[in-house]
There are 2 protein chains.
Amino acid sequence: MQTNMKKRVTLQDIAERTGVSVNTVSHALRNKSDISAETCRRIQETAREMGYTGNQIARSLRSGRTHIIAVILGGLSNPFYGIMADAIQDAAQYKGYTVMIMCSRENPDLELQMAEEAIARCSDGVILFPSTGCEKTIQRFREARMPFVLVARLPGEGIADGVVWDETEGAYLATRHLIESGRRKLVYVSDYNIIYSTEHRMEGFRKACDEAGIPESDRCFLQSTGTSGSGDNEQKWMKPLLNSLTELRQKGFNGLFVFCDVEAWHIMQALDQSDELSHNDFGIVSIDNLESALSFPVQLCSVGYSFKDIAANSIRLLRKRIHGDTGAPEKVVLPVHLVCRGSCGNP
Amino acid sequence: MQTNMKKRVTLQDIAERTGVSVNTVSHALRNKSDISAETCRRIQETAREMGYTGNQIARSLRSGRTHIIAVILGGLSNPFYGIMADAIQDAAQYKGYTVMIMCSRENPDLELQMAEEAIARCSDGVILFPSTGCEKTIQRFREARMPFVLVARLPGEGIADGVVWDETEGAYLATRHLIESGRRKLVYVSDYNIIYSTEHRMEGFRKACDEAGIPESDRCFLQSTGTSGSGDNEQKWMKPLLNSLTELRQKGFNGLFVFCDVEAWHIMQALDQSDELSHNDFGIVSIDNLESALSFPVQLCSVGYSFKDIAANSIRLLRKRIHGDTGAPEKVVLPVHLVCRGSCGNP
DNA sequence: ATCTGTAACATTATCGTTAATGTGAGCACG
DNA sequence: CGTGCTCACATTAACGATAATGTTACAGAT
């Protein structure tokens with residue numbers, strides 16, 4: 001059964017080999033005081049010879065610290081999360097943490113399950129990209145006294161530490177960009193209905209429209225289906241979407257504000273596969289600026305923010321809590337910027 | 001200092017509360033025998049009341065199993081790895097494992113460092129996407145008796161368990177597709193020089209050329225720079241690439257076999273940003289079929305394989321070793337298939 | 001000659017859980 | 001009426017590392 005008995009070298013083994021106590025070995029390897037230079041050298045050499053590797057599990061049990069940060073996000077095949085995870089990994093590693101990524105699939109039940117995992121595994125803290133319906137998860141972290149930070153979405157003011165970017169401003173910039181490129185009949189289109197993000201992006205959209213004097217009749221909120229990429233069957237969602245867009249195009253709508261880049265790609269794909277429409281029939285802008293990190297051959301105008309800053313701030317806030325800070329929740333709002341690549345249709 | 005004393009509920013706490021021994025609590029919570037139904041019920045209820053969550057760290061130390069699988073890959077911002085990681089996560093979770101993702105940045109030194117982490121944290125096993133120069137990493141896993149599987153790249157026959165797909169066949173299919181769409185002066189272009197993959201893809205490219213009777217003079221191997229996405233500065237790599245491609249175009253070269261989708265996107269982006277060339281000047285095919293998982297508005301012909309099967313087989317092979325199998329290394333070669341989306345230029 | 005101090009180690013307890021034994025009460029049975 | 005057996009728990013010993021104390025030998029002070 002246990003033929004692959006991993007008999008790792010332990011402090012005990014080194015102790016026996018060098019003829020000192022386990023504690024002395026432990027101290028010697030960590031260069032603590034109270035060990036003579038000669039003994040210290042001998043122990044360290046023996047440890048190297050024997051191929052000793054400290055057992056993090058044992059250390060964690062003793063110290064109560066795992067140096068693990070759990071990151072709960074939608075799923076890694078979504079480039080948005082992929083890029084985020086990469087940035088967080090980097091920032092975490094820089095501070096000596098290992099990350100453990102868990103996927104919620106944007107489902108509050110799975111999210112809670114992942115939270116339970118994070119707690120059971122004694123993570124030092126959790127970075128949560130909260131799903132819509134994350135209340136129970138947050139409640140659970142509180143009751144378990146598990147330090148956590150909310151990223152990207154912040155359901156309620158002062159509820160917890162959070163790192164977000166200026167969503168309203170982002171949507172405002174994107175929409176204004178559409179308008180400045182000559183579009184005056186605008187569609188806000190999305191499959192997503194995400195806590196925090198949706199309301200703020202809608203608000204930014206409205207603000208830009210108001211400012212430009214675009215009447216309500218020239219604004220349209222199109223709730224699409226399948227464009228978020230959750231469903232697999234293309235045929236199912238493309239048809240209805242194209243029908244709606246064709247109709248809107250005939251009514252003179254010529255600008256699309258799309259919730260995020262991933263969704264915009266889906267919509268562009270649909271438009272390009274259609275016989276009657278092309279993605280050039282609409283000015284298109286969205287949010288996330290993923291192309292900047294990925295170098296796609298897609299010319300999508302988008303509003304970006306710094307993934308690196310989001311990661312660094314998340315780790316910073318988390319570390320504060322891990323180290324015992326019990327102050328009021330801190331909210332970090334990062335700036336956004338517009339990147340024009342031509343999909344707005346500006347001549 | 002330690003104001004956030006996480007005083008979790010332990011078996012001991014439950015034992016004191018119910019007036020039985022710690023062991024009895026342990027048994028009761030795991031529905032082991034030798035505990036009377038009444039006591040069992042009482043203990044479980046108390047545990048629920050007190051909000052008990054088992055401590056995985058302690059369990060791991062005791063049992064010698066962490067139920068953690070470390071995955072060492074290039075980096076999550078690369079959609080190839082993002083999709084892979086997602087599939088592996090899924091397969092691992094299905095079998096009761098949590099994955100710990102570590103990034104090698106395709107750098108053997110970092111890779112070794114991550115391997116050390118995986119060992120120190122007592123992962124049950126490791127899934128490694130080996131970098132070029134992975135010998136020391138593999139050596140380390142062996143000496144630590146750490147079960148591992150190589151995925152995507154297999155440096156040497158019978159060296160270790162491995163899951164790959166038919167690279168030669170893939171490149172052959174892709175190249176033949178180019179030829180069948182009327183291209184007969186072909187460029188193999190790549191920045192990558194990856195162990196295993198590069199030789200096999202080149203071989204497939206050659207095989208298709210040979211079969212179609214394309215003379216050596218009508219084949220070109222272009223070693224690009226920056227197209228793999230490792231460098232940040234676009235201007236640096238685009239110029240030389242476009243110069244090379246312009247020259248090749250003038251010489252009549254009209255088909256590009258690109259190492260992988262991510263690289264093909266970069267090249268298409270460069271072509272589209274050029275004044276003299278467009279991505280329509282070349283038939284383009286590559287490998288990975290990432291669009292199928294991501295729904296990008298990019299019409300790239302590509303050779304795909306099943307991410308799900310790769311993930312499932314990796315976990316399967318790993319579990320065999322984790323459970324003590326010491327048989328000969330197993331190599332799984334998964335089939336590939338071509339997906340045409342039009343970038344080949346077929347009229 | 002006794003006391004004190006300290007360098008350099010050793011011992012012991014502990015983190016939370018679980019496997020391997022240990023134990024006492026109650027009951028059946030020859 | 002003692003033996004054996006089972007039930008239902010308790011006790012003890014790990015897992016590997018580390019913090020909190022103990023211990024010893026020897027140097028120097030008084």
# chains A, B, ... in the order shown; residues from 1 in each chain; ligands from 1
$ select_by_dssp --residues "range 68-254 of chain B" --states "strand (DSSP E)" --output "mmCIF file with N, CA and C atoms, in the first residue's frame"
data_model
loop_
_atom_site.group_PDB
_atom_site.id
_atom_site.type_symbol
_atom_site.label_atom_id
_atom_site.label_comp_id
_atom_site.auth_asym_id
_atom_site.auth_seq_id
_atom_site.Cartn_x
_atom_site.Cartn_y
_atom_site.Cartn_z
ATOM 1 N N ILE B 68 -3.086 18.207 -1.877
ATOM 2 C CA ILE B 68 -2.745 19.359 -2.694
ATOM 3 C C ILE B 68 -1.938 18.876 -3.887
ATOM 4 N N ILE B 69 -2.304 19.362 -5.057
ATOM 5 C CA ILE B 69 -1.507 19.078 -6.247
ATOM 6 C C ILE B 69 -0.930 20.406 -6.721
ATOM 7 N N ALA B 70 0.377 20.460 -6.817
ATOM 8 C CA ALA B 70 1.010 21.681 -7.305
ATOM 9 C C ALA B 70 1.061 21.641 -8.821
ATOM 10 N N VAL B 71 0.770 22.759 -9.439
ATOM 11 C CA VAL B 71 0.842 22.848 -10.900
ATOM 12 C C VAL B 71 1.853 23.926 -11.246
ATOM 13 N N ILE B 72 2.922 23.532 -11.884
ATOM 14 C CA ILE B 72 3.950 24.497 -12.249
ATOM 15 C C ILE B 72 3.831 24.796 -13.730
ATOM 16 N N LEU B 73 3.504 26.024 -14.043
ATOM 17 C CA LEU B 73 3.306 26.419 -15.440
ATOM 18 C C LEU B 73 3.927 27.779 -15.692
ATOM 19 N N THR B 98 -6.980 19.960 -4.073
ATOM 20 C CA THR B 98 -6.917 21.404 -4.269
ATOM 21 C C THR B 98 -5.629 21.666 -5.033
ATOM 22 N N VAL B 99 -5.668 22.578 -5.980
ATOM 23 C CA VAL B 99 -4.441 22.835 -6.725
ATOM 24 C C VAL B 99 -3.766 24.102 -6.230
ATOM 25 N N MET B 100 -2.464 24.079 -6.332
ATOM 26 C CA MET B 100 -1.647 25.213 -5.938
ATOM 27 C C MET B 100 -0.859 25.579 -7.185
ATOM 28 N N ILE B 101 -1.157 26.720 -7.757
ATOM 29 C CA ILE B 101 -0.518 27.075 -9.022
ATOM 30 C C ILE B 101 0.734 27.897 -8.787
ATOM 31 N N MET B 102 1.807 27.493 -9.447
ATOM 32 C CA MET B 102 3.062 28.199 -9.299
ATOM 33 C C MET B 102 3.599 28.543 -10.678
ATOM 34 N N CYS B 103 4.163 29.727 -10.823
ATOM 35 C CA CYS B 103 4.596 30.182 -12.145
ATOM 36 C C CYS B 103 6.100 30.098 -12.317
ATOM 37 N N GLY B 125 1.441 15.668 -5.105
ATOM 38 C CA GLY B 125 2.032 15.434 -6.416
ATOM 39 C C GLY B 125 2.152 16.745 -7.175
ATOM 40 N N VAL B 126 2.858 16.692 -8.287
ATOM 41 C CA VAL B 126 3.083 17.909 -9.071
ATOM 42 C C VAL B 126 2.775 17.673 -10.544
ATOM 43 N N ILE B 127 2.081 18.617 -11.137
ATOM 44 C CA ILE B 127 1.892 18.603 -12.582
ATOM 45 C C ILE B 127 2.815 19.671 -13.139
ATOM 46 N N LEU B 128 3.757 19.247 -13.954
ATOM 47 C CA LEU B 128 4.772 20.177 -14.446
ATOM 48 C C LEU B 128 4.679 20.388 -15.947
ATOM 49 N N PHE B 148 5.223 13.078 -9.884
ATOM 50 C CA PHE B 148 5.008 14.185 -10.827
ATOM 51 C C PHE B 148 4.661 13.679 -12.218
ATOM 52 N N VAL B 149 3.990 14.518 -12.975
ATOM 53 C CA VAL B 149 3.650 14.214 -14.370
ATOM 54 C C VAL B 149 4.102 15.379 -15.216
ATOM 55 N N LEU B 150 4.628 15.071 -16.370
ATOM 56 C CA LEU B 150 5.007 16.131 -17.302
ATOM 57 C C LEU B 150 3.851 16.335 -18.262
ATOM 58 N N VAL B 151 3.507 17.567 -18.520
ATOM 59 C CA VAL B 151 2.416 17.831 -19.443
ATOM 60 C C VAL B 151 2.876 18.768 -20.548
ATOM 61 N N GLY B 162 3.929 11.135 -18.673
ATOM 62 C CA GLY B 162 3.706 12.358 -19.438
ATOM 63 C C GLY B 162 2.394 12.342 -20.188
ATOM 64 N N VAL B 163 1.807 13.522 -20.335
ATOM 65 C CA VAL B 163 0.604 13.666 -21.139
ATOM 66 C C VAL B 163 0.882 14.713 -22.202
ATOM 67 N N VAL B 164 0.844 14.302 -23.427
ATOM 68 C CA VAL B 164 1.072 15.240 -24.536
ATOM 69 C C VAL B 164 0.016 14.999 -25.596
ATOM 70 N N TRP B 165 0.037 15.783 -26.621
ATOM 71 C CA TRP B 165 -0.841 15.499 -27.745
ATOM 72 C C TRP B 165 0.063 15.301 -28.955
ATOM 73 N N LEU B 186 5.961 28.427 -48.008
ATOM 74 C CA LEU B 186 5.557 28.461 -46.598
ATOM 75 C C LEU B 186 6.652 28.883 -45.622
ATOM 76 N N VAL B 187 6.225 29.657 -44.646
ATOM 77 C CA VAL B 187 7.137 30.099 -43.592
ATOM 78 C C VAL B 187 6.750 29.430 -42.265
ATOM 79 N N TYR B 188 7.733 28.810 -41.629
ATOM 80 C CA TYR B 188 7.533 28.341 -40.256
ATOM 81 C C TYR B 188 8.075 29.463 -39.393
ATOM 82 N N VAL B 189 7.208 30.151 -38.658
ATOM 83 C CA VAL B 189 7.692 31.300 -37.894
ATOM 84 C C VAL B 189 7.435 31.122 -36.404
ATOM 85 N N SER B 190 8.457 31.424 -35.605
ATOM 86 C CA SER B 190 8.289 31.340 -34.164
ATOM 87 C C SER B 190 9.440 31.988 -33.400
ATOM 88 N N ARG B 219 10.506 26.746 -48.626
ATOM 89 C CA ARG B 219 10.221 26.647 -47.195
ATOM 90 C C ARG B 219 11.177 27.596 -46.485
ATOM 91 N N CYS B 220 10.671 28.213 -45.469
ATOM 92 C CA CYS B 220 11.546 29.141 -44.741
ATOM 93 C C CYS B 220 11.308 28.993 -43.245
ATOM 94 N N PHE B 221 12.367 28.945 -42.487
ATOM 95 C CA PHE B 221 12.225 28.895 -41.033
ATOM 96 C C PHE B 221 12.626 30.245 -40.469
ATOM 97 N N LEU B 222 11.633 30.996 -40.034
ATOM 98 C CA LEU B 222 11.909 32.350 -39.542
ATOM 99 C C LEU B 222 11.899 32.379 -38.020
ATOM 100 N N GLN B 223 13.055 32.643 -37.457
ATOM 101 C CA GLN B 223 13.156 32.767 -35.996
ATOM 102 C C GLN B 223 12.827 34.205 -35.631
#
$ closest_atom_pairs --of "chain A" --to "chain D" --cutoff "10 Å" --atoms "only C-alpha atoms (C1' of nucleotides)" --output "CSV"
residue,atom,partner,partner_atom,distance
A:Thr10,CA,D:DG16,C1',7.0
A:Leu11,CA,D:DG16,C1',7.7
A:Gln12,CA,D:DG16,C1',8.5
A:Val22,CA,D:DA17,C1',9.2
A:Asn23,CA,D:DT18,C1',7.7
A:Ser26,CA,D:DT18,C1',7.7
A:His27,CA,D:DT18,C1',8.9
A:Gly54,CA,D:DA17,C1',8.5
A:Asn55,CA,D:DG16,C1',6.8
A:Gln56,CA,D:DA17,C1',8.8
A:Ile57,CA,D:DG16,C1',8.1
A:Ala58,CA,D:DG16,C1',5.0
A:Arg59,CA,D:DA17,C1',5.3
A:Ser60,CA,D:DA17,C1',8.7
A:Leu61,CA,D:DA17,C1',8.4
A:Arg62,CA,D:DA17,C1',6.6
A:Ser63,CA,D:DT18,C1',7.9
$ closest_atom_pairs --of "chain B" --to "chain A" --cutoff "8 Å" --atoms "only C-alpha atoms" --output "tab-separated table"
residue	atom	partner	partner_atom	distance
B:Met1	CA	A:Gly324	CA	6.6
B:Gln2	CA	A:Gly324	CA	6.0
B:Thr3	CA	A:Gly324	CA	5.5
B:Asn4	CA	A:Gly324	CA	5.0
B:Lys6	CA	A:Arg145	CA	6.4
B:Arg8	CA	A:Ala144	CA	7.4
B:Thr53	CA	A:Ala120	CA	6.1
B:Gly54	CA	A:Ala120	CA	5.9
B:Asn55	CA	A:Ala120	CA	5.3
B:Gln56	CA	A:Arg121	CA	5.0
B:Ile57	CA	A:Leu61	CA	6.0
B:Ala58	CA	A:Leu61	CA	6.1
B:Ser60	CA	A:Ile57	CA	7.1
B:Leu61	CA	A:Ile57	CA	6.0
B:Gly75	CA	A:Asp86	CA	6.5
B:Leu76	CA	A:Gly82	CA	5.1
B:Ser77	CA	A:Ile83	CA	4.3
B:Asn78	CA	A:Leu294	CA	7.4
B:Pro79	CA	A:Pro79	CA	6.2
B:Gly82	CA	A:Ser77	CA	4.9
B:Ile83	CA	A:Ser77	CA	4.3
B:Met84	CA	A:Ser77	CA	7.7
B:Ala85	CA	A:Leu76	CA	6.7
B:Asp86	CA	A:Leu76	CA	5.2
B:Val99	CA	A:Met100	CA	6.9
B:Met100	CA	A:Met100	CA	5.0
B:Ile101	CA	A:Met100	CA	6.7
B:Ile119	CA	A:Thr53	CA	7.7
B:Ala120	CA	A:Asn55	CA	5.4
B:Arg121	CA	A:Gln56	CA	5.0
B:Cys122	CA	A:Asn55	CA	7.0
B:Ala144	CA	A:Arg8	CA	7.3
B:Arg145	CA	A:Lys6	CA	6.3
B:Met146	CA	A:Lys6	CA	8.0
B:Gly229	CA	A:Ser295	CA	7.7
B:Val262	CA	A:Phe296	CA	7.9
B:Trp265	CA	A:Phe296	CA	5.3
B:His266	CA	A:Ser295	CA	5.8
B:Met268	CA	A:Pro297	CA	5.7
B:Gln269	CA	A:Pro297	CA	4.1
B:Ala270	CA	A:Pro297	CA	7.9
B:Asp272	CA	A:Pro297	CA	7.5
B:Ala293	CA	A:Ser77	CA	7.7
B:Leu294	CA	A:Asn78	CA	7.4
B:Ser295	CA	A:His266	CA	5.8
B:Phe296	CA	A:Trp265	CA	5.3
B:Pro297	CA	A:Gln269	CA	4.1
B:Val298	CA	A:Pro297	CA	7.4
B:Ile322	CA	A:Asn4	CA	7.6
B:His323	CA	A:Gln2	CA	7.2
B:Gly324	CA	A:Asn4	CA	5.0
B:Asp325	CA	A:Asn4	CA	7.8
$ write_last_selection --atoms "N, CA and C atoms" --output "compact mmCIF listing (two decimals), in the first residue's frame"
# COMPACT_ATOMS: atom_id res chain seq x y z
N MET B 1 0.16 42.67 19.51
CA MET B 1 0.75 41.98 18.35
C MET B 1 -0.25 40.97 17.78
N GLN B 2 -0.58 39.94 18.58
CA GLN B 2 -1.53 38.97 18.05
C GLN B 2 -2.94 39.21 18.59
N THR B 3 -3.47 40.36 18.21
CA THR B 3 -4.84 40.67 18.62
C THR B 3 -5.84 39.82 17.84
N ASN B 4 -5.47 39.44 16.63
CA ASN B 4 -6.42 38.63 15.87
C ASN B 4 -6.17 37.15 16.13
N LYS B 6 -6.72 33.84 16.28
CA LYS B 6 -7.74 32.98 15.72
C LYS B 6 -7.92 31.80 16.63
N ARG B 8 -9.73 29.09 16.92
CA ARG B 8 -10.69 28.21 16.28
C ARG B 8 -11.15 27.16 17.27
N THR B 53 -14.61 23.68 12.39
CA THR B 53 -14.07 23.41 11.06
C THR B 53 -12.75 22.67 11.24
N GLY B 54 -12.68 21.51 10.70
CA GLY B 54 -11.45 20.70 10.84
C GLY B 54 -10.22 21.45 10.38
N ASN B 55 -9.12 21.19 11.02
CA ASN B 55 -7.87 21.84 10.67
C ASN B 55 -7.08 20.94 9.71
N GLN B 56 -7.08 21.35 8.45
CA GLN B 56 -6.42 20.54 7.43
C GLN B 56 -4.92 20.40 7.66
N ILE B 57 -4.35 21.42 8.25
CA ILE B 57 -2.91 21.40 8.49
C ILE B 57 -2.56 20.26 9.44
N ALA B 58 -3.30 20.20 10.53
CA ALA B 58 -3.06 19.15 11.51
C ALA B 58 -3.32 17.78 10.89
N SER B 60 -3.11 16.99 7.81
CA SER B 60 -2.05 16.68 6.86
C SER B 60 -0.80 16.19 7.55
N LEU B 61 -0.46 16.85 8.64
CA LEU B 61 0.75 16.46 9.37
C LEU B 61 0.62 15.03 9.85
N GLY B 75 2.76 30.88 -16.79
CA GLY B 75 2.15 32.05 -16.16
C GLY B 75 0.70 32.16 -16.58
N LEU B 76 -0.13 32.63 -15.67
CA LEU B 76 -1.58 32.58 -15.91
C LEU B 76 -2.09 33.64 -16.87
N SER B 77 -1.30 34.65 -17.17
CA SER B 77 -1.82 35.66 -18.09
C SER B 77 -1.75 35.16 -19.53
N ASN B 78 -1.07 34.08 -19.74
CA ASN B 78 -1.09 33.44 -21.04
C ASN B 78 -2.34 32.56 -21.11
N PRO B 79 -3.27 32.86 -22.02
CA PRO B 79 -4.53 32.13 -22.07
C PRO B 79 -4.35 30.62 -22.21
N GLY B 82 -3.95 29.60 -18.82
CA GLY B 82 -5.19 29.89 -18.10
C GLY B 82 -6.21 28.79 -18.33
N ILE B 83 -6.37 28.41 -19.59
CA ILE B 83 -7.34 27.38 -19.94
C ILE B 83 -6.90 26.03 -19.37
N MET B 84 -5.61 25.75 -19.48
CA MET B 84 -5.07 24.51 -18.92
C MET B 84 -5.32 24.45 -17.42
N ALA B 85 -4.98 25.53 -16.75
CA ALA B 85 -5.12 25.56 -15.30
C ALA B 85 -6.57 25.34 -14.90
N ASP B 86 -7.46 25.94 -15.66
CA ASP B 86 -8.89 25.81 -15.35
C ASP B 86 -9.31 24.35 -15.48
N VAL B 99 -5.67 22.58 -5.98
CA VAL B 99 -4.44 22.83 -6.73
C VAL B 99 -3.77 24.10 -6.23
N MET B 100 -2.46 24.08 -6.33
CA MET B 100 -1.65 25.21 -5.94
C MET B 100 -0.86 25.58 -7.19
N ILE B 101 -1.16 26.72 -7.76
CA ILE B 101 -0.52 27.08 -9.02
C ILE B 101 0.73 27.90 -8.79
N ILE B 119 7.64 20.87 -2.78
CA ILE B 119 8.15 19.82 -1.89
C ILE B 119 8.01 20.25 -0.43
N ALA B 120 8.43 21.47 -0.14
CA ALA B 120 8.38 21.96 1.24
C ALA B 120 6.94 21.94 1.76
N ARG B 121 6.00 22.23 0.86
CA ARG B 121 4.60 22.26 1.29
C ARG B 121 3.96 20.89 1.25
N CYS B 122 4.78 19.88 0.99
CA CYS B 122 4.29 18.51 1.02
C CYS B 122 3.12 18.25 0.08
N ALA B 144 13.44 13.64 -4.16
CA ALA B 144 12.50 13.89 -3.05
C ALA B 144 11.37 12.88 -3.06
N ARG B 145 11.40 11.95 -4.02
CA ARG B 145 10.35 10.95 -4.17
C ARG B 145 8.98 11.62 -4.34
N MET B 146 8.99 12.74 -5.04
CA MET B 146 7.73 13.46 -5.23
C MET B 146 7.09 13.01 -6.55
N GLY B 229 5.61 37.04 -26.78
CA GLY B 229 4.94 37.86 -25.78
C GLY B 229 5.74 38.05 -24.51
N VAL B 262 -1.28 32.09 -29.47
CA VAL B 262 -0.89 33.34 -28.83
C VAL B 262 0.11 34.09 -29.72
N TRP B 265 -1.57 35.50 -32.82
CA TRP B 265 -2.27 36.75 -32.55
C TRP B 265 -1.30 37.92 -32.62
N HIS B 266 -0.17 37.73 -32.02
CA HIS B 266 0.83 38.80 -32.02
C HIS B 266 1.22 39.15 -33.46
N MET B 268 -0.48 38.57 -36.20
CA MET B 268 -1.61 39.21 -36.90
C MET B 268 -1.73 40.67 -36.49
N GLN B 269 -1.51 40.91 -35.20
CA GLN B 269 -1.58 42.29 -34.72
C GLN B 269 -0.53 43.14 -35.43
N ALA B 270 0.68 42.60 -35.54
CA ALA B 270 1.75 43.33 -36.21
C ALA B 270 1.38 43.59 -37.66
N ASP B 272 -1.51 43.78 -39.02
CA ASP B 272 -2.61 44.74 -39.16
C ASP B 272 -2.17 46.17 -38.86
N ALA B 293 -12.15 27.91 -26.82
CA ALA B 293 -12.47 28.03 -25.40
C ALA B 293 -12.81 29.47 -25.03
N LEU B 294 -12.37 30.41 -25.85
CA LEU B 294 -12.48 31.81 -25.46
C LEU B 294 -13.45 32.63 -26.29
N SER B 295 -13.89 32.14 -27.42
CA SER B 295 -14.80 32.91 -28.28
C SER B 295 -14.27 34.29 -28.62
N PHE B 296 -13.06 34.33 -29.15
CA PHE B 296 -12.53 35.61 -29.61
C PHE B 296 -13.04 35.92 -31.00
N PRO B 297 -13.06 37.16 -31.33
CA PRO B 297 -13.45 37.54 -32.68
C PRO B 297 -12.24 37.42 -33.61
N VAL B 298 -11.51 36.33 -33.53
CA VAL B 298 -10.33 36.15 -34.37
C VAL B 298 -10.58 34.91 -35.20
N ILE B 322 0.82 8.60 -6.72
CA ILE B 322 0.54 8.97 -5.33
C ILE B 322 0.13 7.74 -4.53
N HIS B 323 -0.58 6.84 -5.19
CA HIS B 323 -1.02 5.64 -4.49
C HIS B 323 0.02 4.54 -4.51
N GLY B 324 1.21 4.88 -4.93
CA GLY B 324 2.30 3.93 -4.74
C GLY B 324 2.74 3.12 -5.95
N ASP B 325 2.11 3.35 -7.09
CA ASP B 325 2.51 2.61 -8.28
C ASP B 325 3.96 2.93 -8.63
$ select_by_dssp --residues "range 53-256 of chain A" --states "alpha helix (DSSP H)" --output "count of residues only"
92
$ interface_residues --of "chain C" --to "chain B" --cutoff "10 Å" --atoms "only C-alpha atoms (C1' of nucleotides)" --output "list in words"
DC15, DG16, DT17, DT18 and DA19 of chain C
$ atom_distance --atom1 "CA of Asn254 in chain B" --atom2 "CA of Ile194 in chain B"
25.2 Å
$ atom_distance --atom1 "CA of Lys320 in chain B" --atom2 "CA of Arg140 in chain B"
19.7 Å
$ residues_around --residues "Gly342 in chain B" --least-positions-apart "3" --cutoff "10 Å" --atoms "only C-alpha atoms (C1' of nucleotides)" --output "PyMOL selection string"
chain B and resi 181+283-285+298-302+339+345-347
$ residues_around --residues "Val303 in chain B" --least-positions-apart "4" --cutoff "6 Å" --atoms "only C-alpha atoms (C1' of nucleotides)" --output "PyMOL selection string"
chain B and resi 170+287-289+337-339
$ decode --residues "range 255-270 of chain A" --atoms "N, CA and C atoms" --output "short mmCIF file (atom, residue, chain, number, x, y, z; two decimals), in the first residue's frame"
data_model
loop_
_atom_site.label_atom_id
_atom_site.label_comp_id
_atom_site.auth_asym_id
_atom_site.auth_seq_id
_atom_site.Cartn_x
_atom_site.Cartn_y
_atom_site.Cartn_z
N GLY A 255 -23.92 52.90 -31.68
CA GLY A 255 -22.82 52.79 -30.72
C GLY A 255 -23.12 51.74 -29.66
N LEU A 256 -22.15 50.91 -29.37
CA LEU A 256 -22.33 49.89 -28.34
C LEU A 256 -21.36 50.10 -27.19
N PHE A 257 -21.93 50.23 -25.99
CA PHE A 257 -21.09 50.16 -24.81
C PHE A 257 -21.26 48.75 -24.28
N VAL A 258 -20.18 47.99 -24.25
CA VAL A 258 -20.27 46.61 -23.79
C VAL A 258 -19.63 46.52 -22.41
N PHE A 259 -20.24 45.71 -21.57
CA PHE A 259 -19.83 45.60 -20.16
C PHE A 259 -18.34 45.37 -19.96
N CYS A 260 -17.75 44.45 -20.73
CA CYS A 260 -16.32 44.17 -20.58
C CYS A 260 -15.76 43.62 -21.87
N ASP A 261 -14.45 43.54 -21.92
CA ASP A 261 -13.78 43.12 -23.15
C ASP A 261 -14.19 41.72 -23.60
N VAL A 262 -14.22 40.80 -22.65
CA VAL A 262 -14.55 39.42 -23.01
C VAL A 262 -15.90 39.37 -23.70
N GLU A 263 -16.84 40.14 -23.15
CA GLU A 263 -18.16 40.17 -23.74
C GLU A 263 -18.14 40.87 -25.10
N ALA A 264 -17.35 41.91 -25.20
CA ALA A 264 -17.25 42.63 -26.47
C ALA A 264 -16.70 41.71 -27.56
N TRP A 265 -15.75 40.88 -27.19
CA TRP A 265 -15.21 39.94 -28.18
C TRP A 265 -16.30 39.01 -28.69
N HIS A 266 -17.10 38.54 -27.76
CA HIS A 266 -18.19 37.64 -28.15
C HIS A 266 -19.13 38.34 -29.11
N ILE A 267 -19.44 39.57 -28.79
CA ILE A 267 -20.38 40.30 -29.63
C ILE A 267 -19.76 40.59 -31.00
N MET A 268 -18.49 40.94 -31.01
CA MET A 268 -17.83 41.18 -32.29
C MET A 268 -17.80 39.90 -33.12
N GLN A 269 -17.58 38.79 -32.43
CA GLN A 269 -17.56 37.52 -33.13
C GLN A 269 -18.91 37.25 -33.78
N ALA A 270 -19.96 37.51 -33.01
CA ALA A 270 -21.31 37.30 -33.53
C ALA A 270 -21.55 38.20 -34.74
#
